[in-house]
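Asks: Data file run.txt (compact mmCIF, C-alpha atoms) is appended below.
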```
# COMPACT_ATOMS: atom_id res chain seq x y z
CA THR A 810 -26.06 6.54 24.97
CA GLU A 811 -23.74 8.36 22.68
CA GLN A 812 -20.03 7.73 22.80
CA PRO A 813 -17.89 10.76 22.19
CA VAL A 814 -16.03 10.26 18.95
CA LEU A 815 -12.94 12.08 20.14
CA ASP A 816 -12.04 10.04 23.17
CA PHE A 817 -8.30 10.35 22.90
CA PRO A 818 -6.66 12.78 25.29
CA LEU A 819 -5.83 16.24 24.09
CA ARG A 820 -2.78 17.49 25.82
CA THR A 821 -3.37 21.20 25.81
CA ASP A 822 -5.82 23.84 24.74
CA GLU A 823 -3.26 24.89 22.22
CA CYS A 824 -3.41 21.45 20.65
CA LEU A 825 -7.19 21.63 20.49
CA ASN A 826 -7.05 25.09 18.96
CA LEU A 827 -4.66 23.84 16.33
CA LEU A 828 -6.97 20.99 15.44
CA MET A 829 -9.96 23.32 15.24
CA GLU A 830 -7.99 25.75 13.13
CA LYS A 831 -7.07 22.96 10.75
CA GLU A 832 -10.64 21.75 10.56
CA ARG A 833 -11.92 25.27 9.86
CA GLU A 834 -9.32 25.66 7.17
CA GLN A 835 -10.24 22.34 5.55
CA PHE A 836 -13.96 22.67 5.92
CA VAL A 837 -14.91 24.63 2.84
CA GLY A 838 -18.43 26.03 3.08
CA PHE A 839 -18.97 25.09 6.72
CA PHE A 840 -21.64 27.71 7.56
CA ASP A 841 -23.60 27.08 4.37
CA TYR A 842 -23.54 23.45 5.30
CA LEU A 843 -24.97 24.13 8.75
CA ASN A 844 -27.73 26.21 7.17
CA LYS A 845 -28.46 23.47 4.66
CA LEU A 846 -28.85 20.98 7.48
CA LYS A 847 -31.04 23.38 9.45
CA ASN A 848 -33.33 24.25 6.55
CA GLY A 849 -33.75 20.64 5.61
CA ASN A 850 -32.24 21.20 2.17
CA LEU A 851 -30.08 18.31 3.10
CA ASP A 852 -31.57 15.14 4.42
CA LEU A 853 -30.59 15.17 8.06
CA VAL A 854 -32.02 11.70 8.65
CA ALA A 855 -29.99 10.21 5.80
CA ARG A 856 -26.85 11.82 7.18
CA GLN A 857 -27.63 10.49 10.65
CA GLU A 858 -28.16 6.99 9.24
CA ALA A 859 -24.86 7.19 7.44
CA VAL A 860 -23.09 8.24 10.64
CA GLU A 861 -24.74 5.38 12.53
CA TRP A 862 -23.72 2.90 9.87
CA ILE A 863 -20.13 4.16 10.06
CA THR A 864 -20.11 3.87 13.85
CA LYS A 865 -21.45 0.30 13.67
CA VAL A 866 -18.96 -0.96 11.11
CA HIS A 867 -16.21 0.95 12.86
CA ALA A 868 -16.95 -0.95 16.07
CA HIS A 869 -17.21 -4.25 14.19
CA PHE A 870 -13.63 -3.95 12.95
CA ASN A 871 -12.28 -2.42 16.17
CA PHE A 872 -10.92 0.59 14.34
CA GLY A 873 -9.27 3.38 16.33
CA PRO A 874 -11.03 6.64 17.30
CA LEU A 875 -9.27 8.74 14.69
CA SER A 876 -10.67 6.78 11.76
CA ALA A 877 -14.23 7.33 13.06
CA TYR A 878 -13.55 11.03 13.35
CA LEU A 879 -12.00 11.16 9.88
CA SER A 880 -14.83 9.24 8.17
CA ILE A 881 -17.44 11.65 9.50
CA ASN A 882 -15.20 14.61 8.74
CA TYR A 883 -14.90 13.43 5.11
CA LEU A 884 -18.65 12.81 4.93
CA ASP A 885 -19.59 16.29 6.15
CA ARG A 886 -16.97 18.08 4.10
CA PHE A 887 -18.09 16.20 1.02
CA LEU A 888 -21.79 16.93 1.59
CA ALA A 889 -20.96 20.60 2.10
CA ILE A 890 -19.59 20.96 -1.42
CA TYR A 891 -21.11 18.20 -3.47
CA GLU A 892 -24.76 17.91 -4.35
CA LEU A 893 -25.58 14.21 -4.03
CA PRO A 894 -28.56 12.98 -6.07
CA ALA A 895 -31.40 12.45 -3.58
CA LYS A 896 -31.50 8.68 -3.67
CA SER A 897 -31.05 6.64 -0.54
CA TRP A 898 -28.28 4.48 -1.96
CA THR A 899 -26.00 7.42 -2.70
CA MET A 900 -25.59 8.28 0.98
CA GLN A 901 -24.83 4.65 1.80
CA LEU A 902 -22.20 4.53 -0.95
CA LEU A 903 -20.69 7.76 0.35
CA ALA A 904 -20.54 6.35 3.89
CA ILE A 905 -18.69 3.24 2.68
CA ALA A 906 -16.21 5.31 0.68
CA CYS A 907 -15.54 7.66 3.60
CA LEU A 908 -14.99 4.85 6.08
CA SER A 909 -12.80 2.97 3.63
CA LEU A 910 -10.64 6.04 3.01
CA ALA A 911 -10.35 6.84 6.72
CA ALA A 912 -9.39 3.25 7.50
CA LYS A 913 -6.73 3.36 4.80
CA MET A 914 -5.30 6.53 6.29
CA GLU A 915 -5.29 5.39 9.89
CA GLU A 916 -5.53 1.63 10.33
CA THR A 917 -2.69 -0.80 9.92
CA GLU A 918 -4.98 -3.60 8.82
CA VAL A 919 -7.61 -2.59 6.34
CA PRO A 920 -10.28 -5.02 5.17
CA LEU A 921 -11.08 -5.19 1.45
CA VAL A 922 -13.62 -2.58 0.44
CA LEU A 923 -16.14 -5.31 -0.31
CA ASP A 924 -15.80 -6.71 3.21
CA LEU A 925 -16.56 -3.36 4.77
CA GLN A 926 -20.20 -3.93 3.87
CA VAL A 927 -21.04 -5.95 6.96
CA GLY A 928 -24.38 -6.22 8.68
CA ARG A 929 -27.71 -5.84 7.00
CA SER A 930 -27.19 -3.03 4.56
CA LYS A 931 -30.01 -2.28 2.15
CA PHE A 932 -27.53 -1.96 -0.67
CA VAL A 933 -24.39 -3.83 -1.56
CA PHE A 934 -21.98 -2.25 -3.97
CA GLU A 935 -19.35 -3.65 -6.28
CA ALA A 936 -15.69 -2.85 -5.56
CA LYS A 937 -15.55 -0.94 -8.83
CA THR A 938 -18.36 1.35 -7.73
CA ILE A 939 -16.81 1.97 -4.32
CA GLN A 940 -13.50 2.83 -5.91
CA LYS A 941 -15.13 5.40 -8.16
CA MET A 942 -16.79 6.94 -5.12
CA GLU A 943 -13.47 6.96 -3.26
CA LEU A 944 -11.90 8.86 -6.12
CA LEU A 945 -14.78 11.31 -6.22
CA VAL A 946 -14.39 11.95 -2.48
CA LEU A 947 -10.61 12.34 -2.78
CA THR A 948 -10.95 14.83 -5.61
CA THR A 949 -13.77 16.76 -4.00
CA LEU A 950 -11.77 17.08 -0.78
CA LYS A 951 -8.71 18.02 -2.83
CA TRP A 952 -6.78 15.12 -1.31
CA ARG A 953 -6.67 16.83 2.08
CA MET A 954 -7.19 13.72 4.11
CA GLN A 955 -5.15 14.28 7.25
CA MET B 216 -8.76 25.62 -13.40
CA LEU B 217 -5.87 23.57 -14.57
CA ARG B 218 -7.85 20.37 -14.33
CA PHE B 219 -10.17 20.84 -17.24
CA HIS B 220 -7.48 21.94 -19.57
CA VAL B 221 -5.31 19.00 -18.78
CA LEU B 222 -8.21 16.67 -19.38
CA ARG B 223 -9.09 18.41 -22.59
CA LEU B 224 -5.54 18.27 -23.78
CA LEU B 225 -5.35 14.61 -22.94
CA THR B 226 -8.40 13.93 -25.00
CA MET B 227 -6.83 15.90 -27.78
CA ALA B 228 -3.59 14.06 -27.35
CA HIS B 229 -5.07 10.99 -28.92
CA ILE B 230 -5.94 12.92 -32.01
CA GLN B 231 -3.34 15.61 -32.35
CA LEU B 232 -0.39 14.25 -30.41
CA GLN B 233 -0.33 17.36 -28.26
CA TYR B 234 1.74 15.40 -25.84
CA GLN B 235 5.20 14.20 -26.45
CA LEU B 236 6.70 11.54 -24.34
CA ILE B 237 9.52 13.07 -22.36
CA ALA B 238 12.58 12.23 -24.33
CA THR B 239 15.00 11.78 -21.46
CA GLY B 240 14.91 8.02 -21.35
CA ILE B 241 12.39 7.76 -18.57
CA THR B 242 9.40 7.50 -20.75
CA LYS B 243 6.89 4.98 -19.59
CA GLY B 244 3.75 6.61 -18.29
CA PHE B 245 5.24 10.09 -18.43
CA TYR B 246 4.07 12.87 -20.65
CA ARG B 247 5.06 16.41 -21.22
CA GLY B 248 2.07 18.69 -21.07
CA TRP B 249 1.21 22.32 -21.46
CA SER B 250 -1.15 24.05 -19.10
CA LEU B 251 -3.22 26.57 -21.01
CA VAL B 252 -4.14 28.43 -17.86
CA SER B 253 -0.77 28.95 -16.26
CA SER B 254 1.01 28.82 -19.62
CA GLN B 255 3.69 26.50 -18.43
CA THR B 256 5.03 23.15 -19.33
CA VAL B 257 4.16 20.40 -16.89
CA THR B 258 5.10 16.78 -16.47
CA LEU B 259 2.22 14.36 -16.39
CA LYS B 260 2.30 10.90 -14.95
CA GLN B 261 -0.52 8.47 -15.38
CA LEU B 262 -1.32 5.88 -12.72
CA GLY B 263 -3.85 3.14 -13.14
CA PHE B 264 -4.99 0.58 -10.63
CA PRO B 265 -7.21 -2.45 -10.67
CA ASN B 266 -10.50 -2.07 -8.92
CA GLN B 267 -10.59 -4.98 -6.50
CA ILE B 268 -9.08 -3.05 -3.64
CA GLY B 269 -10.20 0.48 -4.26
CA VAL B 270 -7.64 3.25 -4.31
CA PRO B 271 -4.49 1.82 -2.66
CA GLY B 272 -4.11 3.23 0.86
CA SER B 273 -0.41 3.83 0.46
CA LEU B 274 -1.11 5.91 -2.64
CA ILE B 275 -3.61 8.05 -0.74
CA LYS B 276 -1.15 8.62 2.08
CA GLU B 277 1.65 9.50 -0.29
CA ILE B 278 -0.33 11.90 -2.42
CA THR B 279 -1.75 13.55 0.68
CA ALA B 280 1.76 13.99 2.06
CA LEU B 281 3.31 15.04 -1.23
CA LEU B 282 0.72 17.72 -1.86
CA GLN B 283 1.75 19.22 1.47
CA ILE B 284 5.46 18.93 0.86
CA LYS B 285 6.79 22.15 -0.49
CA HIS B 286 10.52 22.42 -0.72
CA PRO B 287 12.78 24.31 -3.11
CA ASN B 288 14.69 21.09 -3.85
CA ILE B 289 11.73 18.83 -4.50
CA ILE B 290 9.76 18.94 -7.73
CA GLU B 291 6.30 20.12 -6.89
CA LEU B 292 3.28 17.90 -7.29
CA MET B 293 0.84 20.54 -8.44
CA GLU B 294 -2.36 18.65 -8.86
CA VAL B 295 -4.01 15.28 -9.05
CA VAL B 296 -6.54 14.77 -11.79
CA ASN B 297 -9.02 11.92 -12.19
CA SER B 298 -9.65 10.36 -15.54
CA LYS B 299 -13.16 10.71 -16.84
CA GLU B 300 -13.95 7.06 -16.17
CA GLN B 301 -12.53 7.35 -12.62
CA THR B 302 -10.22 4.45 -13.25
CA SER B 303 -6.89 6.21 -13.30
CA LEU B 304 -5.14 9.25 -11.93
CA MET B 305 -3.01 11.84 -13.60
CA LEU B 306 -0.37 13.54 -11.51
CA VAL B 307 0.69 17.01 -12.61
CA TYR B 308 4.21 18.12 -11.73
CA GLU B 309 6.21 21.22 -12.41
CA PHE B 310 8.40 20.61 -15.40
CA MET B 311 12.19 20.40 -15.60
CA ASP B 312 14.06 18.70 -18.35
CA THR B 313 17.75 18.38 -17.50
CA SER B 314 18.35 15.38 -15.30
CA LEU B 315 21.55 15.13 -13.29
CA THR B 316 22.54 12.29 -15.62
CA SER B 317 22.38 14.51 -18.68
CA PHE B 318 23.80 17.49 -16.81
CA MET B 319 26.91 15.48 -15.95
CA ARG B 320 27.22 14.48 -19.58
CA ILE B 321 26.61 17.93 -21.06
CA HIS B 322 28.66 19.95 -18.58
CA PRO B 323 31.69 17.86 -17.61
CA LYS B 324 33.71 21.03 -17.01
CA VAL B 325 31.19 22.45 -14.57
CA MET B 326 31.23 19.15 -12.71
CA LYS B 327 35.00 19.43 -12.31
CA ASN B 328 34.46 22.31 -9.90
CA PRO B 329 34.39 20.96 -6.32
CA GLN B 330 32.14 23.83 -5.23
CA THR B 331 29.51 22.80 -7.80
CA ILE B 332 29.48 19.27 -6.43
CA LYS B 333 29.31 20.56 -2.88
CA GLY B 334 26.36 22.79 -3.79
CA LEU B 335 24.49 19.97 -5.53
CA LEU B 336 25.11 17.45 -2.74
CA ARG B 337 23.87 19.96 -0.19
CA GLN B 338 20.62 20.40 -2.12
CA ILE B 339 20.18 16.64 -2.46
CA LEU B 340 20.64 16.19 1.29
CA LEU B 341 18.24 19.04 2.08
CA ALA B 342 15.56 17.41 -0.07
CA VAL B 343 16.18 13.96 1.41
CA TYR B 344 16.06 15.36 4.93
CA HIS B 345 12.75 17.03 4.09
CA PHE B 346 11.27 13.74 2.85
CA HIS B 347 12.52 12.01 5.98
CA SER B 348 11.02 14.61 8.29
CA PHE B 349 7.64 13.68 6.76
CA ASN B 350 8.46 10.05 7.37
CA ILE B 351 8.64 9.35 3.68
CA VAL B 352 11.36 7.05 2.42
CA HIS B 353 12.06 8.01 -1.17
CA GLU B 354 13.65 4.69 -2.19
CA GLY B 355 14.52 5.82 -5.67
CA ILE B 356 17.30 8.35 -5.26
CA LYS B 357 19.42 8.31 -8.41
CA PRO B 358 20.79 10.83 -10.91
CA LYS B 359 17.94 10.27 -13.36
CA ASN B 360 15.45 11.39 -10.71
CA MET B 361 17.19 14.66 -10.07
CA PHE B 362 16.72 17.66 -12.26
CA ILE B 363 18.89 20.72 -12.58
CA ASP B 364 18.15 24.21 -13.78
CA PRO B 365 21.42 24.93 -15.61
CA ALA B 366 20.95 28.69 -15.21
CA THR B 367 21.00 28.63 -11.42
CA ASN B 368 22.36 25.16 -10.63
CA THR B 369 19.22 24.58 -8.59
CA LEU B 370 18.64 20.88 -8.11
CA LYS B 371 15.25 19.30 -7.55
CA ILE B 372 14.49 15.71 -6.70
CA THR B 373 11.39 14.16 -8.16
CA ASP B 374 9.27 11.86 -6.14
CA PHE B 375 7.30 10.71 -9.17
CA ILE B 376 5.34 8.42 -6.92
CA TRP B 377 6.53 5.00 -7.33
CA PRO B 378 7.89 4.38 -3.85
CA ARG B 379 7.58 1.01 -2.23
CA SER B 380 3.87 1.02 -1.67
CA ILE B 381 3.03 0.96 -5.32
CA SER B 382 5.90 -0.94 -6.84
CA ASN B 383 5.29 -3.67 -4.31
CA SER B 384 1.83 -4.35 -5.46
CA ILE B 385 0.39 -3.80 -8.81
CA ILE B 386 1.94 -1.09 -10.77
CA GLU B 387 5.09 -1.87 -12.60
CA ASP B 388 8.01 0.25 -11.61
CA PRO B 389 9.00 2.33 -14.61
CA TYR B 390 12.37 3.01 -13.03
CA GLU B 391 13.45 -0.53 -12.42
CA GLU B 392 16.17 -0.33 -14.99
CA SER B 393 19.58 0.30 -13.37
CA THR B 394 18.00 1.54 -10.15
CA PHE B 395 19.90 -1.21 -8.42
CA TYR B 396 23.22 0.63 -8.75
CA TYR B 397 21.95 2.88 -6.00
CA LYS B 398 20.26 0.28 -3.81
CA ALA B 399 21.46 -0.07 -0.25
CA PRO B 400 22.91 -3.45 0.75
CA GLU B 401 20.23 -4.09 3.38
CA ILE B 402 17.36 -3.96 0.88
CA LEU B 403 19.26 -6.11 -1.60
CA VAL B 404 19.47 -8.62 1.22
CA ASP B 405 15.91 -8.25 2.44
CA LYS B 406 13.27 -5.98 0.93
CA LYS B 407 11.68 -5.47 4.32
CA GLN B 408 14.73 -3.63 5.71
CA VAL B 409 13.52 -0.27 4.44
CA THR B 410 14.42 2.70 6.61
CA THR B 411 15.42 6.25 5.83
CA ALA B 412 19.02 4.97 5.75
CA VAL B 413 18.44 3.42 2.30
CA ASP B 414 18.12 6.91 0.84
CA VAL B 415 21.34 8.01 2.53
CA TRP B 416 23.18 5.13 0.84
CA SER B 417 21.83 6.20 -2.54
CA VAL B 418 22.98 9.77 -1.87
CA GLY B 419 26.47 8.40 -1.22
CA CYS B 420 26.42 6.61 -4.57
CA VAL B 421 25.31 9.78 -6.35
CA PHE B 422 27.99 11.80 -4.55
CA ALA B 423 30.76 9.52 -5.80
CA GLU B 424 29.27 9.55 -9.28
CA MET B 425 29.24 13.35 -9.39
CA VAL B 426 32.97 13.37 -8.66
CA THR B 427 34.05 10.65 -11.07
CA GLY B 428 31.27 10.81 -13.67
CA LYS B 429 30.76 7.05 -13.34
CA PRO B 430 28.54 4.91 -11.10
CA LEU B 431 30.43 3.61 -8.07
CA PHE B 432 28.79 0.16 -8.02
CA PRO B 433 27.93 -0.69 -11.63
CA ALA B 434 26.88 -4.32 -11.40
CA LYS B 435 25.67 -6.10 -14.51
CA THR B 436 22.49 -7.41 -12.91
CA GLU B 437 20.63 -6.82 -9.70
CA PHE B 438 21.70 -10.30 -8.63
CA ASN B 439 25.35 -9.22 -8.83
CA GLN B 440 24.81 -5.89 -7.11
CA LEU B 441 25.53 -7.17 -3.62
CA ALA B 442 28.78 -8.83 -4.71
CA LYS B 443 29.80 -5.59 -6.41
CA ILE B 444 29.20 -3.63 -3.20
CA PHE B 445 31.07 -6.20 -1.10
CA SER B 446 34.01 -6.09 -3.51
CA ILE B 447 34.46 -2.39 -2.80
CA MET B 448 33.13 -1.80 0.71
CA GLY B 449 34.28 -5.17 2.06
CA THR B 450 32.20 -8.25 2.83
CA PRO B 451 30.35 -7.57 6.08
CA SER B 452 30.58 -9.79 9.14
CA GLU B 453 28.84 -9.92 12.49
CA GLU B 454 31.58 -7.63 13.78
CA THR B 455 31.20 -4.91 11.17
CA TRP B 456 27.43 -5.28 10.87
CA PRO B 457 25.82 -6.85 13.95
CA GLY B 458 22.69 -8.83 13.02
CA ILE B 459 23.61 -9.33 9.37
CA SER B 460 23.73 -13.13 9.58
CA GLY B 461 20.18 -13.06 10.97
CA ILE B 462 18.72 -11.23 8.00
CA TYR B 463 21.05 -12.80 5.43
CA PRO B 464 22.12 -16.40 5.98
CA TYR B 465 24.00 -16.62 2.65
CA LEU B 466 26.99 -14.44 3.52
CA HIS B 467 29.38 -17.38 3.33
CA VAL B 468 28.66 -17.68 -0.38
CA TYR B 469 30.53 -14.45 -1.02
CA SER B 470 34.28 -14.32 -1.10
CA ASN B 471 35.71 -12.42 1.82
CA CYS B 472 36.70 -9.01 0.41
CA LYS B 473 38.59 -6.33 2.27
CA PRO B 474 37.26 -2.77 2.02
CA LYS B 475 38.99 -0.74 -0.69
CA ASP B 476 40.34 2.75 -0.21
CA LEU B 477 37.72 5.21 -1.47
CA ARG B 478 40.44 7.83 -2.01
CA LYS B 479 41.69 5.70 -4.92
CA LEU B 480 38.24 4.95 -6.29
CA VAL B 481 37.02 8.53 -6.07
CA PRO B 482 40.13 10.49 -6.95
CA GLY B 483 40.07 14.26 -6.68
CA LEU B 484 37.72 14.40 -3.72
CA GLU B 485 39.06 16.37 -0.75
CA PRO B 486 39.73 14.47 2.50
CA ALA B 487 36.60 15.84 4.25
CA GLY B 488 34.55 14.66 1.26
CA ILE B 489 36.05 11.17 1.49
CA ASP B 490 35.19 11.07 5.18
CA LEU B 491 31.57 12.08 4.47
CA LEU B 492 31.35 9.56 1.62
CA ASN B 493 32.51 6.79 3.96
CA LYS B 494 29.81 7.77 6.45
CA LEU B 495 27.09 7.87 3.78
CA LEU B 496 28.18 4.45 2.54
CA TYR B 497 28.43 2.80 5.94
CA MET B 498 27.36 -0.81 5.42
CA ASP B 499 25.41 -1.16 8.68
CA PRO B 500 22.31 1.02 8.17
CA LYS B 501 22.04 1.66 11.91
CA LYS B 502 25.40 3.37 11.90
CA ARG B 503 24.97 5.18 8.59
CA ILE B 504 24.89 8.97 9.01
CA PRO B 505 21.39 10.55 8.93
CA ALA B 506 20.76 13.25 6.31
CA ILE B 507 20.57 16.02 8.90
CA LYS B 508 23.93 15.05 10.41
CA ALA B 509 25.48 14.84 6.96
CA LEU B 510 24.47 18.44 6.33
CA GLU B 511 26.44 19.47 9.41
CA HIS B 512 29.54 17.62 8.24
CA GLU B 513 32.87 19.40 7.98
CA TYR B 514 32.78 18.96 4.19
CA PHE B 515 30.15 21.69 3.96
CA GLN B 516 31.99 24.09 6.24
CA ASN B 517 33.89 25.93 3.52
```
For the file at hand, write its structure as C-alpha cells.

Replies:
Amino acid sequence: TEQPVLDFPLRTDECLNLLMEKEREQFVGFFDYLNKLKNGNLDLVARQEAVEWITKVHAHFNFGPLSAYLSINYLDRFLAIYELPAKSWTMQLLAIACLSLAAKMEETEVPLVLDLQVGRSKFVFEAKTIQKMELLVLTTLKWRMQ
Amino acid sequence: MLRFHVLRLLTMAHIQLQYQLIATGITKGFYRGWSLVSSQTVTLKQLGFPNQIGVPGSLIKEITALLQIKHPNIIELMEVVNSKEQTSLMLVYEFMDTSLTSFMRIHPKVMKNPQTIKGLLRQILLAVYHFHSFNIVHEGIKPKNMFIDPATNTLKITDFIWPRSISNSIIEDPYEESTFYYKAPEILVDKKQVTTAVDVWSVGCVFAEMVTGKPLFPAKTEFNQLAKIFSIMGTPSEETWPGISGIYPYLHVYSNCKPKDLRKLVPGLEPAGIDLLNKLLYMDPKKRIPAIKALEHEYFQN
C-alpha cells in the first residue's frame, strides 16, 4: 500500500494553489521531464528504486512528511535538468544527497551523511563524495530549496 | 553567465592578480572582482568546509533565504558559485566600498546633520526588520558591515554570511575583531541567548556612534565588554532583568553600577532620539523594542 507523501493538512484550496504555483515555477523543464520518463529515455525503474530507498531511510529516522516531499522534489527537478551518467550507483548517490539536503532543511536533528546509508545498500559512499553530490544538486537547483 | 567568468577570473587571479583584496580592513576571504558579463565590480567571498558533514545545513538554509531576500538596504547576494573541485563556495555580492566606519571618518560634517543620522538609522532599522521577518538573526550588525553610497546616502547592510551557524562550527569568523563592542549583554553572558533582540542592541550602539563618532562601549577585550556595558547602563538585577541570575550566576562579581544619563554620553541628540536610544539599549532583551516598533518611534516623525 502506498502512503501519500503529503499527509499534512492543507488549509485551503488557495494554499494548495500557491504550493502548486511555486512548484511549477521551480520545476524547470517539467513537461520535457514527463516525456523523458514516458519514452524511457530516463530509467523509470532506477528512479522508482531511488524513491523507495528515500522512503525507507526516511521512515528509519522518523523524519517529517515535508522532508520526504522535498527529497523527491529535488530528485525529480535534478533529473529534469541534469543528464546523469547511466550507471546504477549515480542514482543511489543522488538519492542520498537529496535526502541529506532535505533533512538539513527540515529536520532539527540530522544524522551525519555517512549514517544516512542504512540498510543494505549496494553502494556505500564516502562523505567527501556525498558532499560533492550535495553541491552539484544545490547548484543545479540554483539553491532554491524551500 | 556570470559563473564561468568568475571562475575564469579566479583561475587567472593566481597568475595575474586580477583580484585585489578589498582594502577596507575586512580582508580575510574577501576579494574584489569584476564581472565581464555585467561589467560591474563585485565582492567575492570564499567559504570552505571540511567534508565530514557535507554542506552545513545552516549554510544551505541561509543561502536559500538570502538569495530570496531582496531589499534596497541589504547588499544583494547575486550568485553562489562552486569551486571546480566542489570543495568550496564563492559568494558573489554587489559591490560597495564605503563602509559606515570610513564614511563617518571621511564626512564628519555630513554626520553632524541630525537629518542624515535619522535617515541612516531608518535604513538600518528597515534592513534589520527585513532580516527579522525572514527569521534571520544577523548577529553582526556594526559600522564596518554597513556600506553607504555617498552620492545618495543610501545605506546597505551586508550579511556576508558568517552568522552564528558557521562561526559556531568550523569556519573562523573573519569579523571577530572588535565585533564585541556591539554585542548584546545577553549573548556575552550566554551564547545561547540569541534572539532578534541582539540585533536591536547592536543598532543602538551604532546609533550612538553615528552621533558621537565614537563607539559607546569600547572595551579593551571581549572579557571586559560586559563590565563596560554595566558601567554605563547599570549593573542588572532580578528587578531590572527578571531571570538574569538564572542565566548568569556571576553577577555578584561586578561592582554595582548605577545607569548613567545617556544625554551626557551622547550629547547633541534630541530628546526623542535619547528616548529611542534607551529603548534600543534596554538591558532585558524581552523588553527591548523590536525593529518594527522602533521605526514607528516619535524620533522618525519629523

Asks: Could the residues of chain A within 8 Å of chain B, counting only C-alpha atoms, be given as a ChimeraX atom specification, please?

Replies: /A:910,913-914,921-922,936-937,939-941,943-945,948,952-955

Asks: I'd like the interatomic distance between CA of Val413 in chain B and CA of Thr313 in chain B, to a tenth of an Å.

Replies: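 Computing it gives 24.8 Å between the two atoms.
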
Asks: Closest to Lys951 in chain A among A:Gln835, A:Ser909, A:Asn826, A:Asn871, using all atoms listed in the file?

Replies: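 Looking only at the distances to Lys951 in chain A, the closest residue turns out to be A:Gln835.
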
Asks: Record the distance separating CA of Lys502 in chain B and CA of Lys429 in chain B, expressed in Å with one decimal.

Replies: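 For CA of Lys502 in chain B relative to CA of Lys429 in chain B, the distance reads 26.1 Å.
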
Asks: Interatomic distance between CA of Ser930 in chain A and CA of Thr899 in chain A?

Replies: 12.8 Å

Asks: Quick one: everything within 8 Å of range 493-497 of chain B, counting all atoms listed in the file, minus sequence neighbours fewer than 4 positions away in the same chain. Send it as a ChimeraX atom specification.

Replies: /B:415-416,418-420,477,489,502-504,509

Asks: Taking every listed atom of range 852-857 of chain A and adding 8 Å to each side, what centre and edge lengths in Å (one decimal) does the axis-aligned box have, as AutoDock Vina command-line options?

Replies:
```
--center_x -29.4 --center_y 12.7 --center_z 7.5 --size_x 21.2 --size_y 21.0 --size_z 22.2
```

Asks: Taking (35.8, 0.4, -5.4) in the coordinates of the supplied file, I want to know which residues reach to within 6 Å of it, counting only C-alpha atoms; could you give the answer as a ChimeraX atom specification?

Replies: /B:447,475,480

Asks: Name the closest residue to Lys931 in chain A among the candidates A:Met829, A:Leu902, A:Leu853, A:Leu893; distances are taken between atoms, counting only C-alpha atoms.

Replies: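 Residue with the minimum atom-to-atom distance to Lys931 in chain A: A:Leu902.
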
Asks: List the spatial neighbours of Asp499 in chain B as JSON, numbers by chain - criterion: any atom at most 8 Å away, all atoms listed in the file, same-chain residues fewer than 4 positions off excluded.

Replies: {"B": [401, 455, 456, 457, 503]}

Asks: Have range 268-272 of chain B completed to all heavy atoms, please, and pass it along as a PDB file, in the coordinates of the input.

Replies:
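In the end it all went to out.pdb:
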```pdb
ATOM      1  N   ILE B 268      -9.422  -3.496  -4.975  1.00  0.00           N
ATOM      2  CA  ILE B 268      -9.080  -3.050  -3.640  1.00  0.00           C
ATOM      3  C   ILE B 268      -9.408  -1.582  -3.411  1.00  0.00           C
ATOM      4  O   ILE B 268      -9.136  -1.042  -2.356  1.00  0.00           O
ATOM      5  CB  ILE B 268      -7.559  -3.232  -3.385  1.00  0.00           C
ATOM      6  CG1 ILE B 268      -6.760  -2.592  -4.520  1.00  0.00           C
ATOM      7  CG2 ILE B 268      -7.204  -4.689  -3.238  1.00  0.00           C
ATOM      8  CD1 ILE B 268      -5.325  -2.352  -4.177  1.00  0.00           C
ATOM      9  N   GLY B 269      -9.976  -0.954  -4.395  1.00  0.00           N
ATOM     10  CA  GLY B 269     -10.200   0.480  -4.260  1.00  0.00           C
ATOM     11  C   GLY B 269      -8.897   1.214  -4.504  1.00  0.00           C
ATOM     12  O   GLY B 269      -7.929   0.626  -4.989  1.00  0.00           O
ATOM     13  N   VAL B 270      -8.859   2.470  -4.147  1.00  0.00           N
ATOM     14  CA  VAL B 270      -7.640   3.250  -4.310  1.00  0.00           C
ATOM     15  C   VAL B 270      -6.643   2.772  -3.251  1.00  0.00           C
ATOM     16  O   VAL B 270      -6.969   2.761  -2.076  1.00  0.00           O
ATOM     17  CB  VAL B 270      -7.925   4.752  -4.098  1.00  0.00           C
ATOM     18  CG1 VAL B 270      -6.677   5.571  -4.363  1.00  0.00           C
ATOM     19  CG2 VAL B 270      -9.067   5.209  -4.996  1.00  0.00           C
ATOM     20  N   PRO B 271      -5.430   2.346  -3.650  1.00  0.00           N
ATOM     21  CA  PRO B 271      -4.490   1.820  -2.660  1.00  0.00           C
ATOM     22  C   PRO B 271      -4.220   2.835  -1.540  1.00  0.00           C
ATOM     23  O   PRO B 271      -3.980   4.007  -1.815  1.00  0.00           O
ATOM     24  CB  PRO B 271      -3.212   1.573  -3.463  1.00  0.00           C
ATOM     25  CG  PRO B 271      -3.647   1.496  -4.881  1.00  0.00           C
ATOM     26  CD  PRO B 271      -4.890   2.335  -5.003  1.00  0.00           C
ATOM     27  N   GLY B 272      -4.277   2.352  -0.287  1.00  0.00           N
ATOM     28  CA  GLY B 272      -4.110   3.230   0.860  1.00  0.00           C
ATOM     29  C   GLY B 272      -2.780   3.954   0.858  1.00  0.00           C
ATOM     30  O   GLY B 272      -2.695   5.144   1.176  1.00  0.00           O
TER      31      GLY B 272
END
```
